[in-house]
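Trainee: This is the content of coords.txt (compact mmCIF, C-alpha atoms):
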```
# COMPACT_ATOMS: atom_id res chain seq x y z
CA MET A 1 110.09 118.80 168.13
CA SER A 2 112.00 121.93 169.10
CA SER A 3 110.17 124.61 171.02
CA SER A 4 110.40 126.66 174.16
CA SER A 5 108.30 126.00 177.22
CA ASP A 6 105.51 128.28 175.95
CA ASN A 7 105.44 126.62 172.49
CA ASP A 8 107.14 129.60 170.85
CA LEU A 9 109.14 128.50 167.80
CA TYR A 10 112.90 128.86 168.03
CA ALA A 11 113.91 131.28 165.27
CA VAL A 12 117.21 132.07 163.64
CA ALA A 13 116.91 135.44 161.91
CA ASP A 14 119.20 137.50 159.75
CA PHE A 15 118.18 141.12 159.41
CA CYS A 16 119.53 144.30 157.91
CA LEU A 17 118.04 147.53 159.27
CA ILE A 18 118.44 150.43 156.82
CA PRO A 19 117.77 153.98 158.04
CA ILE A 20 116.59 156.23 155.21
CA GLY A 21 116.89 159.98 154.97
CA THR A 22 119.50 160.64 157.62
CA ALA A 23 121.92 163.52 157.09
CA ASN A 24 124.92 161.16 157.19
CA PRO A 25 125.63 158.52 154.53
CA SER A 26 127.12 156.31 157.26
CA VAL A 27 124.67 154.23 159.27
CA ALA A 28 127.18 153.20 161.94
CA GLU A 29 125.52 155.25 164.71
CA GLU A 30 122.11 153.71 163.97
CA VAL A 31 123.57 150.19 163.78
CA ALA A 32 125.31 150.77 167.12
CA GLU A 33 122.00 151.86 168.64
CA CYS A 34 120.34 148.67 167.41
CA GLN A 35 123.18 146.59 168.87
CA ARG A 36 122.60 148.28 172.25
CA VAL A 37 118.95 147.23 172.04
CA LEU A 38 119.95 143.66 171.23
CA GLU A 39 122.37 143.55 174.16
CA LYS A 40 119.46 144.38 176.48
CA SER A 41 117.22 141.75 174.85
CA GLY A 42 119.18 138.82 176.27
CA LEU A 43 119.05 137.07 172.88
CA LYS A 44 122.07 135.67 171.10
CA PHE A 45 123.17 137.93 168.23
CA THR A 46 126.14 138.44 165.95
CA LEU A 47 126.83 141.57 163.92
CA HIS A 48 128.29 141.02 160.46
CA GLY A 49 129.15 143.27 157.52
CA TYR A 50 125.64 143.49 156.09
CA GLY A 51 123.35 142.88 159.05
CA THR A 52 122.87 140.91 162.23
CA ASN A 53 122.09 137.29 163.03
CA LEU A 54 119.64 136.94 165.90
CA GLU A 55 118.44 133.79 167.68
CA GLY A 56 115.75 132.95 170.18
CA PRO A 57 112.03 132.45 170.59
CA TRP A 58 110.17 133.88 167.58
CA SER A 59 108.18 136.36 169.66
CA GLN A 60 111.32 137.73 171.32
CA VAL A 61 113.23 137.92 168.03
CA SER A 62 110.43 139.91 166.37
CA LYS A 63 110.11 142.14 169.44
CA ALA A 64 113.85 142.85 169.40
CA ILE A 65 113.69 143.88 165.73
CA HIS A 66 110.69 146.09 166.55
CA ASP A 67 112.63 147.63 169.44
CA CYS A 68 115.57 148.33 167.12
CA HIS A 69 113.21 150.22 164.81
CA ALA A 70 111.82 152.24 167.72
CA ALA A 71 115.31 153.10 169.00
CA VAL A 72 116.61 154.15 165.59
CA HIS A 73 113.51 156.28 164.98
CA ALA A 74 114.14 157.88 168.39
CA LYS A 75 117.63 158.81 167.18
CA GLY A 76 116.03 160.79 164.35
CA ALA A 77 115.60 158.40 161.43
CA LEU A 78 112.30 159.26 159.77
CA ARG A 79 112.14 156.06 157.72
CA ILE A 80 113.61 152.59 158.12
CA ALA A 81 113.56 149.66 155.73
CA THR A 82 114.49 146.25 157.10
CA ASP A 83 115.19 143.05 155.23
CA ILE A 84 114.50 140.01 157.41
CA ARG A 85 115.09 136.33 156.75
CA ILE A 86 113.85 133.93 159.46
CA GLY A 87 114.28 130.19 159.68
CA THR A 88 112.68 127.68 162.01
CA ARG A 89 112.74 123.91 162.17
CA VAL A 90 110.75 121.34 164.09
CA ASP A 91 112.19 118.08 162.72
CA ARG A 92 114.82 117.83 165.46
CA ASP A 93 115.72 119.40 168.76
CA THR A 94 117.86 122.50 168.45
CA PRO A 95 119.03 123.68 171.85
CA PHE A 96 118.30 127.35 172.37
CA GLY A 97 121.34 129.40 171.43
CA GLU A 98 122.92 126.80 169.14
CA GLY A 99 121.14 127.53 165.86
CA ASN A 100 123.80 129.34 163.85
CA ASP A 101 126.77 127.97 165.77
CA HIS A 102 125.79 124.42 164.91
CA LYS A 103 125.30 125.31 161.23
CA VAL A 104 128.70 127.00 160.99
CA ARG A 105 130.49 124.15 162.82
CA ARG A 106 128.89 121.60 160.49
CA VAL A 107 130.22 123.37 157.39
CA GLN A 108 133.64 123.88 159.00
CA ASP A 109 133.82 120.15 159.82
CA ILE A 110 133.02 119.25 156.20
CA LEU A 111 135.69 121.66 154.92
CA ALA A 112 138.25 120.35 157.41
CA LYS A 113 137.62 116.75 156.30
CA SER A 114 137.94 117.63 152.62
CA SER A 115 141.18 119.55 153.17
CA THR A 116 142.81 116.61 154.99
CA SER A 117 141.69 113.87 152.61
CA PRO A 118 144.23 112.65 150.05
CA GLU A 119 143.98 114.15 146.58
CA SER A 120 142.55 111.89 143.92
```
Please, can you express the file's structure as structure tokens?

Mentor:
Amino acid sequence: MSSSSDNDLYAVADFCLIPIGTANPSVAEEVAECQRVLEKSGLKFTLHGYGTNLEGPWSQVSKAIHDCHAAVHAKGALRIATDIRIGTRVDRDTPFGEGNDHKVRRVQDILAKSSTSPES
């Protein structure tokens, strides 16, 4: 069973923080502020075109998302909506920090095998 030393579930989250009611239609400044918060969290994260992947103990992942909200509010956003998708698993050991990397490598390996196999 996969867990940290304090029995906190290992979580892989994908979230999209959406500031509402800012004077600028771009949210790049707010996203950058959230990325600064995540850098300080010590968690593994990856920014992508429509959000951020975040990995670590569930309690730290949820705290980091909370801290992003607080930081973006501090920059002047009056409202924030956030879509969050979180996955956990306990059927096998997943080393901390390898959640998404392992998933991506697995798919890449399957694609590599199918592209090198002879056509039927």

Trainee: Which residues are near Gly42 of chain A? Cut-off 12 Å, only C-alpha atoms, ignore same chain within fewer than 3 positions. Put them as a PyMOL selection string.

Mentor: chain A and resi 35-39+45+54-57+60-61+63-64+97

Trainee: Could you turn the residues from that selection into a file that holds C-alpha atoms, as a compact mmCIF listing (two decimals), keeping the file's coordinate frame?

Mentor:
```
# COMPACT_ATOMS: atom_id res chain seq x y z
CA GLN A 35 123.18 146.59 168.87
CA ARG A 36 122.60 148.28 172.25
CA VAL A 37 118.95 147.23 172.04
CA LEU A 38 119.95 143.66 171.23
CA GLU A 39 122.37 143.55 174.16
CA PHE A 45 123.17 137.93 168.23
CA LEU A 54 119.64 136.94 165.90
CA GLU A 55 118.44 133.79 167.68
CA GLY A 56 115.75 132.95 170.18
CA PRO A 57 112.03 132.45 170.59
CA GLN A 60 111.32 137.73 171.32
CA VAL A 61 113.23 137.92 168.03
CA LYS A 63 110.11 142.14 169.44
CA ALA A 64 113.85 142.85 169.40
CA GLY A 97 121.34 129.40 171.43
```

Trainee: Out of A:Thr82, A:Ser26, A:Thr46, A:Asn7, which residue has the shortest atom-to-atom distance to Trp58 of chain A when counting only C-alpha atoms?

Mentor: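 Smallest distance to Trp58 of chain A is found for A:Asn7.
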
Trainee: I'd like the interatomic distance between atom CA of Gly87 of chain A and atom CA of Ala28 of chain A, to a tenth of an Å.

Mentor: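 It comes out at 26.5 Å.
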
Trainee: I'd like the neighbourhood of His73 of chain A as JSON, numbers by chain, where a residue qualifies if any of its atoms comes within 12 Å (using only C-alpha atoms), though same-chain residues fewer than 5 positions away should be ignored.

Mentor: {"A": [17, 18, 19, 20, 21, 22, 30, 31, 33, 34, 66, 67, 68, 78, 79, 80, 81]}

Trainee: Could you write out that same residue set with C-alpha atoms as a compact mmCIF listing (two decimals), in the frame of the given file?

Mentor:
```txt
# COMPACT_ATOMS: atom_id res chain seq x y z
CA LEU A 17 118.04 147.53 159.27
CA ILE A 18 118.44 150.43 156.82
CA PRO A 19 117.77 153.98 158.04
CA ILE A 20 116.59 156.23 155.21
CA GLY A 21 116.89 159.98 154.97
CA THR A 22 119.50 160.64 157.62
CA GLU A 30 122.11 153.71 163.97
CA VAL A 31 123.57 150.19 163.78
CA GLU A 33 122.00 151.86 168.64
CA CYS A 34 120.34 148.67 167.41
CA HIS A 66 110.69 146.09 166.55
CA ASP A 67 112.63 147.63 169.44
CA CYS A 68 115.57 148.33 167.12
CA LEU A 78 112.30 159.26 159.77
CA ARG A 79 112.14 156.06 157.72
CA ILE A 80 113.61 152.59 158.12
CA ALA A 81 113.56 149.66 155.73
```

Trainee: Would you mind listing what lies within 8 Å of Gly51 of chain A as a PDB file with C-alpha atoms, in the frame of the given file, with all atoms listed in the file counted and same-chain residues fewer than 2 positions away left out?

Mentor:
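Final output, saved to result.pdb:
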```
ATOM      1  CA  ASP A  14     119.200 137.500 159.750  1.00  0.00           C
ATOM      2  CA  PHE A  15     118.180 141.120 159.410  1.00  0.00           C
ATOM      3  CA  CYS A  16     119.530 144.300 157.910  1.00  0.00           C
ATOM      4  CA  LEU A  17     118.040 147.530 159.270  1.00  0.00           C
ATOM      5  CA  LEU A  47     126.830 141.570 163.920  1.00  0.00           C
ATOM      6  CA  HIS A  48     128.290 141.020 160.460  1.00  0.00           C
ATOM      7  CA  GLY A  49     129.150 143.270 157.520  1.00  0.00           C
ATOM      8  CA  ASN A  53     122.090 137.290 163.030  1.00  0.00           C
TER       9      ASN A  53
END
```

Trainee: Assuming 6 Å of padding per side, give the centre and edge lengths of the axis-aligned box around every listed atom of segment 59-65 of chain A, in Å to one decimal and as JSON.

Mentor:
```
{"center_x": 111.0, "center_y": 140.1, "center_z": 168.5, "size_x": 17.7, "size_y": 19.5, "size_z": 17.6}
```

Trainee: In Å to one decimal, how far is atom CA of Thr52 of chain A from atom CA of Ala23 of chain A?

Mentor: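 Atom-to-atom, atom CA of Ala23 of chain A to atom CA of Thr52 of chain A, that is 23.2 Å.
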
Trainee: Atom CA of Val12 of chain A and atom CA of Lys75 of chain A, how far apart in Å?

Mentor: 27.0 Å

Trainee: Tell me which of A:Tyr10, A:Ala77, A:Asp83, A:Leu111 sits closest to Tyr50 of chain A, counting all atoms listed in the file.

Mentor: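 Nearest to Tyr50 of chain A: A:Asp83.
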
Trainee: Looking at A:Ala11, A:Ala112, A:Leu43, A:Gly76, which one is nearest to Asn24 of chain A, with distances taken over all atoms listed in the file?

Mentor: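 Of the candidates, the smallest distance to Asn24 of chain A is held by A:Gly76.
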